[in-house]
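*Asks:* Okay, handing you the structure first.
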Protein chains: 4
Amino acid sequence: MTEFTERQKEIIETAIKLIDEGGIQNVTMKQIASRLGITEPAIYRHFASKADILLSMLEQFKFRSKGHLAKARSANVSNLQKVETIFLEHSGQFAERPHMTAVVFSEEAFQDDPRLAEIIFSVMNAAHEGMAEIITAAQQMREIRGDIPAEHLAITILGTLRLLVKRWRLSKFGFDLRQESQAVWQSLKTLITSPLN
Amino acid sequence: MTEFTERQKEIIETAIKLIDEGGIQNVTMKQIASRLGITEPAIYRHFASKADILLSMLEQFKFRSKGHLAKARSANVSNLQKVETIFLEHSGQFAERPHMTAVVFSEEAFQDDPRLAEIIFSVMNAAHEGMAEIITAAQQMREIRGDIPAEHLAITILGTLRLLVKRWRLSKFGFDLRQESQAVWQSLKTLITSPLN
Amino acid sequence: MTEFTERQKEIIETAIKLIDEGGIQNVTMKQIASRLGITEPAIYRHFASKADILLSMLEQFKFRSKGHLAKARSANVSNLQKVETIFLEHSGQFAERPHMTAVVFSEEAFQDDPRLAEIIFSVMNAAHEGMAEIITAAQQMREIRGDIPAEHLAITILGTLRLLVKRWRLSKFGFDLRQESQAVWQSLKTLITSPLN
Amino acid sequence: MTEFTERQKEIIETAIKLIDEGGIQNVTMKQIASRLGITEPAIYRHFASKADILLSMLEQFKFRSKGHLAKARSANVSNLQKVETIFLEHSGQFAERPHMTAVVFSEEAFQDDPRLAEIIFSVMNAAHEGMAEIITAAQQMREIRGDIPAEHLAITILGTLRLLVKRWRLSKFGFDLRQESQAVWQSLKTLITSPLN
DNA sequence: AATGAATGAGGTTTCATTCAT
DNA sequence: AATGAATGAAACCTCATTCAT
């Protein structure tokens, strides 16, 4: 939605990297400035405040997440495949930008600022609701087993994804996330499709 | 393991509450002191540093987690029931001490201190390995379906638990965690036990 | 004296308004620029420095004050009427440009810059001396009572004017300054003309 | 009313001196600290914020002003003498603490902060109303001429006092304020007592 | 076991100003 | 005549910690 200037993108990117390296506490105006080779006040030409930087960062993340979800939903494939797409594209997004995992799991640190907390909340909710909806449809089409509430399956699938990414991060990106996601997805698929009854 | 004095327990408890209320950034010596009605230097009579407080907090958490795991494993019940016990007791532990959920999800904030990060890592690992081990045994006893790697099932079960607790927290403890855990567990059980083939 | 370009006049006017709204501390290059819809560096095309803006503002004020004083003195009327003219024209000047009252009462804020302080000092002195001179003449002509030093009467008259304007300002311009000045002047006139002895 | 510790008194005193020397803009935490030979953070042990320092300063001033007014009013003397007492004690207060004049005339700079502005406003109002009340009583007792509204006389007397003090300050305390106040008061007394009619 | 006073390091932000364009 | 990007200095304030008592 919002357009960012080159410098703004650089600043956001730097903030993400800093979170990755040392958590939210590591994101200081001084650090951002020194990484970009400018002084602290210079940052204020591009963002009104530090909170604005984080806000923009999360909004960008929200925007992308929404995009992935919308794309998956509108695809002309079976509902089961939509679930697969969401699962794999989501993990693919992280595989591409490993730093970003730090942001997602720093959620708790954003609970401080209501505006930031709201974004986190809405992203999680959108993912959950979107997923539950597709699963419900899949169950009606008998693509996914119907003996388990869609809500529960949504939690299970997203929870699995999250923990997988978290473990990848804790291992310091020590395995191939894409490959592992594929394997885990096969297991999830087996779980949720049999028995079809 | 380690014994704590009354004051130390109070301090740790206060730190947990502060994390709950405003994240790690909310945990300052000033806040802790004012909550306990003492001055900041007084805290140093009980802990050598702030890091030590957090360390003790996490060690306590680790100690309890280990206890639950060990208890579940040594119980004289089926392996499937052991998994159930771990799942339900874990969520029960959170239901009893809602503040604690904040600590678990603040993991990321501990990553900059190697000692703290290590504890987080080992708790998560122990849970994962313990779970995988029990699942493997269950699969051999044909209590849990064998067509899916135990590793994946462990991630799915623990991931589901984590996300459920996270959602409980985000909802500001707006639903009955114990009840919901029971329901979700029934779904998980259905998923992992059928088809037995 | 000095001629100002249109932009310069706008800048000075804006500075006055800003002082009115939030005191001297509110006068920043950023504020001035944003009010005029230009950028900060643009201001430097019109004034060499911020101090120069304030200096021009005060010089303009000094110029006008001098004008009023000179006009009153050269008028072909009684000395008492000259005093009246100064009193009423001065308050009329404020009634017309209420913002300006803020500048007069921010005098103190100008004391750290010697150039600014000098202007304030000379304006006040000119008013005082001019007033005292006219009063002395009036006393010689027996238009104003002679039992009180002209110096003291000057302080009383100017002090009354100042406090009246100050009260008008504190009341947020809540009464009609012109009308009130007329009334107060009648009282002052009564005070200084009787007994003539 | 409020009791201050020794350090708090020192800090307030330092702030007053700093205002005296370079206006409100000169009052910085760094300046205060360096004058007291301590570091900036140390100040925060004694006052929660810079605004609190100024607030305390003004409250102290308000407290003293109220005291002088109350004392004058309750004295067992004629109303005219009460007016005299207020006039002379007020100027005496300044003569004793010349720095304080800077604070009074920096009023405008306090308009920024509503809490500070409120104090200034209430001090001025109390002085005005107290004065007007006493003058009214004096007029009823025929101690002060009755042909002029008490309100106007109050403005004239207080305005004279203010301008006198202001001139003393602008002259860099170049004359004896007490002596001059005495002289000016004699003039004022002559003005407001004759003719008694 | 606790306090009062203080500190060094560092946080975010604002300010007047400069410079290349 | 004006802008976009930047800067050095300085503002207020917070943090974990220390030390004498």
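Here's how to read the names in the structure tokens: chain A, B, ... by the order shown, residue numbers from 1 in each chain, ligand numbers from 1 in the order shown.
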Please identify every residue of chain E that has at least one atom no farther than 10 Å from an atom of chain A, counting only C-alpha atoms (C1' of nucleotides), and for each give the shortest atom pair and the distance in Å to one decimal, arranged by chain then increasing number, as a tab-separated table.
*Replies:*
residue	atom	partner	partner_atom	distance
E:DG10	C1'	A:Lys30	CA	9.7
E:DG11	C1'	A:Thr28	CA	7.8
E:DT12	C1'	A:Met29	CA	7.6
E:DT13	C1'	A:Pro41	CA	8.1
E:DT14	C1'	A:Pro41	CA	8.8
*Asks:* Kindly determine which residues of chain A lie within 6 Å of chain B, considering only C-alpha atoms, and give the answer as a count of residues only.
*Replies:* 14
*Asks:* Based on only C-alpha atoms (C1' of nucleotides), which of the residues in chain F come within 12 Å of chain D? I want them as a list in words.
*Replies:*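 Matching residues, ligands excluded from the count: DA10, DA11, DC12, DC13, DT14 and DC15 of chain F.
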*Asks:* Write the residues of the preceding selection, restricted to C-alpha atoms (C1' of nucleotides), as a PDB file, in the first residue's frame.
*Replies:*
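Contents of part_6.pdb, freshly written:
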ATOM      1  C1'  DA F  10      22.451  19.704  22.936  1.00  0.00           C
ATOM      2  C1'  DA F  11      18.038  18.764  25.082  1.00  0.00           C
ATOM      3  C1'  DC F  12      15.403  15.540  28.695  1.00  0.00           C
ATOM      4  C1'  DC F  13      15.422  11.283  30.588  1.00  0.00           C
ATOM      5  C1'  DT F  14      16.278   6.031  31.961  1.00  0.00           C
ATOM      6  C1'  DC F  15      19.130   2.240  33.011  1.00  0.00           C
TER       7       DC F  15
END
*Asks:* Go through D:Leu69, D:Gln31, D:Leu36, D:Val77 and flag the residue nearest His90 in chain D, using only C-alpha atoms for the distances.
*Replies:*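 So, comparing all the options, the nearest one is D:Leu69.
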*Asks:* Excluding Arg97 in chain B and its own-chain neighbours fewer than 3 positions away, which residues fall within 12 Å of it when counting only C-alpha atoms (C1' of nucleotides)? Please give them as a PyMOL selection string.
*Replies:* chain B and resi 13+16-17+20+61+90-94+100-104+165+169+173+177
*Asks:* Restrict the selected residues to N, CA and C atoms and save them as an mmCIF file, in the first residue's frame.
*Replies:*
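Now in out21.cif:
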data_model
loop_
_atom_site.group_PDB
_atom_site.id
_atom_site.type_symbol
_atom_site.label_atom_id
_atom_site.label_comp_id
_atom_site.auth_asym_id
_atom_site.auth_seq_id
_atom_site.Cartn_x
_atom_site.Cartn_y
_atom_site.Cartn_z
ATOM 1 N N GLU B 13 9.029 -13.571 40.967
ATOM 2 C CA GLU B 13 7.596 -13.483 40.672
ATOM 3 C C GLU B 13 7.242 -12.101 40.111
ATOM 4 N N ILE B 16 8.346 -11.763 36.545
ATOM 5 C CA ILE B 16 7.409 -12.456 35.645
ATOM 6 C C ILE B 16 6.180 -11.583 35.388
ATOM 7 N N LYS B 17 5.655 -11.021 36.448
ATOM 8 C CA LYS B 17 4.468 -10.175 36.277
ATOM 9 C C LYS B 17 4.779 -8.973 35.391
ATOM 10 N N ASP B 20 4.851 -9.950 31.897
ATOM 11 C CA ASP B 20 3.471 -10.150 31.470
ATOM 12 C C ASP B 20 2.809 -8.831 31.104
ATOM 13 N N PHE B 61 11.947 -22.162 35.670
ATOM 14 C CA PHE B 61 11.040 -22.644 34.638
ATOM 15 C C PHE B 61 11.537 -23.974 34.059
ATOM 16 N N HIS B 90 1.033 -29.404 30.674
ATOM 17 C CA HIS B 90 1.721 -28.195 30.237
ATOM 18 C C HIS B 90 0.743 -27.033 30.149
ATOM 19 N N SER B 91 -0.368 -27.290 29.505
ATOM 20 C CA SER B 91 -1.335 -26.198 29.382
ATOM 21 C C SER B 91 -1.932 -25.880 30.755
ATOM 22 N N GLY B 92 -2.056 -26.892 31.588
ATOM 23 C CA GLY B 92 -2.563 -26.659 32.941
ATOM 24 C C GLY B 92 -1.635 -25.752 33.727
ATOM 25 N N GLN B 93 -0.326 -25.952 33.507
ATOM 26 C CA GLN B 93 0.667 -25.128 34.189
ATOM 27 C C GLN B 93 0.483 -23.657 33.811
ATOM 28 N N PHE B 94 0.204 -23.422 32.550
ATOM 29 C CA PHE B 94 -0.022 -22.046 32.107
ATOM 30 C C PHE B 94 -1.337 -21.504 32.643
ATOM 31 N N MET B 100 3.053 -16.445 33.280
ATOM 32 C CA MET B 100 4.186 -17.204 32.765
ATOM 33 C C MET B 100 4.177 -17.295 31.239
ATOM 34 N N THR B 101 3.002 -17.223 30.647
ATOM 35 C CA THR B 101 2.949 -17.328 29.183
ATOM 36 C C THR B 101 3.791 -16.229 28.546
ATOM 37 N N ALA B 102 3.807 -15.062 29.178
ATOM 38 C CA ALA B 102 4.575 -13.948 28.634
ATOM 39 C C ALA B 102 6.052 -14.309 28.554
ATOM 40 N N VAL B 103 6.525 -14.988 29.573
ATOM 41 C CA VAL B 103 7.938 -15.351 29.608
ATOM 42 C C VAL B 103 8.275 -16.279 28.447
ATOM 43 N N VAL B 104 7.430 -17.299 28.274
ATOM 44 C CA VAL B 104 7.684 -18.267 27.210
ATOM 45 C C VAL B 104 7.756 -17.578 25.856
ATOM 46 N N VAL B 165 -1.808 -21.783 23.351
ATOM 47 C CA VAL B 165 -1.501 -20.931 24.506
ATOM 48 C C VAL B 165 -1.310 -19.475 24.057
ATOM 49 N N ARG B 169 -3.381 -16.209 25.226
ATOM 50 C CA ARG B 169 -2.760 -14.989 25.732
ATOM 51 C C ARG B 169 -3.207 -13.759 24.944
ATOM 52 N N PHE B 173 -6.586 -14.003 27.827
ATOM 53 C CA PHE B 173 -7.107 -15.076 28.691
ATOM 54 C C PHE B 173 -8.632 -15.102 28.658
ATOM 55 N N LEU B 177 -8.648 -22.038 29.164
ATOM 56 C CA LEU B 177 -7.559 -22.761 28.495
ATOM 57 C C LEU B 177 -7.639 -24.274 28.720
#
*Asks:* What's the 12 Å shell around DA2 in chain E, counting only C-alpha atoms (C1' of nucleotides), without same-chain residues fewer than 4 positions away, as a list in words?
*Replies:*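 Once the nearby chain positions are removed, what remains is Ala33, Gly37, Ile38, Thr39, Glu40, Pro41, Ala42, Ile43, Tyr44, Arg45 and His46 of chain B; DT21 of chain F.
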*Asks:* Would you list the contacts of DT18 in chain F as number ranges by chain, taking every protein, DNA or RNA residue within 10 Å and counting only C-alpha atoms (C1' of nucleotides), but skipping same-chain residues closer than 2 positions in sequence?
*Replies:* B: 41; E: 6-7; F: 16, 20
*Asks:* To test your reading of the structure, identify every residue in chain D that backbone DSSP assigns to alpha helix (DSSP H), and report it as a PyMOL selection string.
*Replies:* chain D and resi 6-22+29-36+40-43+50-74+79-96+99-104+107-110+114-140+150-170+177-193
